[in-house]
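K.L.:
Have a look at this one.
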Number of protein chains: 2
Amino acid sequence: MNIGMIEAAARRLQGHARRTPLLSSPFLDGIAGRRVLVKAECLQHTGSFKFRGGYSAISALEPGTRARRVIAYSSGNHAQGVALAARMHDIAAVIVMPSDAPAIKLANTRELGAEVVTYDRAVGADRDRIGAELADKRGLTLIKPFDEPQVIAGQGTTGLEIAEQAAELGVSRADVLIPCGGGGLTSGIALALEARAPGLRPRTVEPEGFDDVARSLASGRIEVNTRTSGSICDAIITPSPGEITFPIMSRLCGPGLAVPEAECLRAMAAAFARLRIVLEPGGAVALAAALYHPGAVAGETVIVVASGGNADSEMFVKALQEYGDGS
Amino acid sequence: MNIGMIEAAARRLQGHARRTPLLSSPFLDGIAGRRVLVKAECLQHTGSFKFRGGYSAISALEPGTRARRVIAYSSGNHAQGVALAARMHDIAAVIVMPSDAPAIKLANTRELGAEVVTYDRAVGADRDRIGAELADKRGLTLIKPFDEPQVIAGQGTTGLEIAEQAAELGVSRADVLIPCGGGGLTSGIALALEARAPGLRPRTVEPEGFDDVARSLASGRIEVNTRTSGSICDAIITPSPGEITFPIMSRLCGPGLAVPEAECLRAMAAAFARLRIVLEPGGAVALAAALYHPGAVAGETVIVVASGGNADSEMFVKALQEYGDGS
């Protein structure tokens, strides 16, 4: 992994991914006690940064390999990003999803052009085995969600944009808070900032109780979550950081942060009222850290990645009913 | 009014106003039966296009006049736009608001740097008279909400961006649907499109029952709403189009559209789920027309201005509870 791969991914994504805006509000600055700049990846195609990695990986394939199609296992943001990126390459991704996934998610994934293959969780079917068999039989290429160089390169284009946008605003030193699951987004951004904006320091943010990355960064080796379900921040929950992503994060990131889940809902309400964007709980962890834990952050400016906006309407209603405008 | 004034406003706004993105979603295309491009002015500073007009008007003043400060009468988007634009010029705007306005609106306007002067609606105080006396006594310059050339020029910068962004996407013919109150935004966009993208046809959208502009366009003279309160689309309700704005709209706009208020809530839900942006009801009228009245629109592509995102959390909750994802 190196900056050249991220630059190459940026060239492939040019005109296909959105250059998402860096938003701000005097009200958020007031809450945080410093300038807050929010990289709104919720406005990316399919509502999260995952489109970048999916597009990067698919566009990097040899045409013949690509024509034999790609496969992903996910019912979430990675699935949607891969599905749309595949369609933009005139192929239909195969997405492996549990048959009891919400009907709307199955329908949405199909509407994004994917062939959905379902498996029955109730009978203990193993999606990895089903996926591997399918991939083998049909010659499909697996697009892994984070521990994959071309996926990391795609996510890293977010970091190139942050470096440019911060420079336009005259910001050369700041913590960059990044919602972190397996570390694809964080490691990509970290490599981009190392090359383009070395005064910007990447830092991971996770929900409390699922802070495998913060603990791994502290201990210097890959630590594991004791559980991977039961969080409203499901989009960023993984068992542990990846074998490719962790060494990059360990070398380049500051100490990891963790926030209570209730603060994610509160940050969703603040983003609603002050930035007029929709965040999902996992996409709001970094904003929550910036707003409600200012003592854990250094500098006059903090940059926050708002990584995803695919919130259920029920969850969003809960955030607004409990926290109003999040101030 | 001419394109030169809009171009000059764009130069003054450069680096101060946001170039808001033109968003899209395959799901919205599916609902509308054509490509839908959404100009997300809800992401503008203070959450609506009004910042452009306020900044344009204040930046156009002679420095000595500007130093004697500006005044606006509004408790809504125009007030916030003027307040922040004034602060960016290191002056405090005077904003005249009723003393029984929601406490949060009073507090927000002050936090944007304005001096808030309240009047007592209950004793029949007249805000125009209070404002005129204040302006006279203190030498303040009134920034009118729409019927003012430099305000129209500022709003017209939205149209310059639409022309550029549509060209980047290869779109040279489309209806451009614009939420319309007094016509400042519509007339500014119309002039910009006439000069830069003559194949894009501006059209106004209003809530049913408050369709003074559509009726005025049809009759060829300024028509008046029978009432100006009681709409959830309060941000775009005015008694009638302006004396400056109407002739421009009459010359350049296609037939006006009107949508039921319930469809605004439904469009808010669709924008939440598919674009991850927050719209207020008045900011969603044009999207509602595009999604739910496809027969009233011409062409393979429709461009929609999403003009504002300052929704109360209660109203947003209602939209999500009633319409889910708006499909």
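Going by the structure tokens order, chains are called A, B, ..., each with residues numbered from 1, while ligands are numbered from 1 in the order shown.
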Select all residues from chain B having any atom no more than 7 Å from an atom of chain A (counting only C-alpha atoms, ignoring ligands), output as a list in words.

P.N.:
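The answer, sorted by residue number, is Cys42, Leu43, Gly47, Phe272, Leu275, Arg276, Ile277, Val278, Gly309, Ser313, Val317, Leu320 and Gly324 of chain B.
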
K.L.:
Which residues come within 10 Å of Arg251 of chain B, counting only C-alpha atoms, excluding same-chain residues fewer than 6 positions away, as a ChimeraX atom specification?

P.N.:
/B:187,190-191,217,220

K.L.:
When you count only C-alpha atoms, which of these residues is closest to Pro294 of chain A: A:Leu200, A:Cys233, A:Ile31, A:Val116?

P.N.:
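So, comparing all the options, the nearest one is A:Ile31.
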
K.L.:
Hey, can you check how far atom CA of Asp175 of chain A sits from atom CA of Gly4 of chain A?

P.N.:
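That distance, rounded to one decimal, is 23.6 Å.
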
K.L.:
Could you please write out, as a list in words, every residue of segment 249-312 of chain A that DSSP assigns to strand (DSSP E)?

P.N.:
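Those residues are Leu257, Ala258, Val259, Thr301, Val302, Ile303, Val304, Val305 and Ala306 of chain A.
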
K.L.:
Can those selected residues be exported to a file as a short mmCIF file (atom, residue, chain, number, x, y, z; two decimals), in the first residue's frame so that it contains N, CA and C atoms?

P.N.:
```cif
data_model
loop_
_atom_site.label_atom_id
_atom_site.label_comp_id
_atom_site.auth_asym_id
_atom_site.auth_seq_id
_atom_site.Cartn_x
_atom_site.Cartn_y
_atom_site.Cartn_z
N LEU A 257 -10.23 6.82 20.02
CA LEU A 257 -11.27 7.37 20.89
C LEU A 257 -12.48 6.44 20.87
N ALA A 258 -13.27 6.48 21.94
CA ALA A 258 -14.54 5.74 21.95
C ALA A 258 -15.60 6.62 22.61
N VAL A 259 -16.82 6.54 22.09
CA VAL A 259 -17.91 7.37 22.60
C VAL A 259 -19.11 6.49 22.95
N THR A 301 -8.58 23.51 15.35
CA THR A 301 -9.54 22.99 14.38
C THR A 301 -9.59 21.48 14.50
N VAL A 302 -10.76 20.91 14.36
CA VAL A 302 -10.87 19.45 14.28
C VAL A 302 -11.63 19.11 13.00
N ILE A 303 -11.13 18.11 12.30
CA ILE A 303 -11.79 17.63 11.09
C ILE A 303 -12.46 16.30 11.43
N VAL A 304 -13.70 16.18 11.01
CA VAL A 304 -14.52 15.02 11.35
C VAL A 304 -14.97 14.35 10.06
N VAL A 305 -14.82 13.05 9.95
CA VAL A 305 -15.41 12.34 8.82
C VAL A 305 -16.78 11.82 9.23
N ALA A 306 -17.79 12.23 8.49
CA ALA A 306 -19.16 11.73 8.69
C ALA A 306 -19.36 10.65 7.64
#
```

K.L.:
So how far away is atom CA of Lys137 of chain B from atom CA of Asp120 of chain B, in Å?

P.N.:
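Answer for the atom CA of Asp120 of chain B to atom CA of Lys137 of chain B separation: 19.9 Å.
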
K.L.:
Could you jot down the atom CA of Asp212 of chain B to atom CA of Cys180 of chain B separation for me, Å, one decimal place?

P.N.:
9.6 Å

K.L.:
Do a neighbour search on Gln150 of chain B at 9 Å with only C-alpha atoms, toss out local chain neighbours closer than 6 positions, and write the hits as a count of residues only.

P.N.:
10
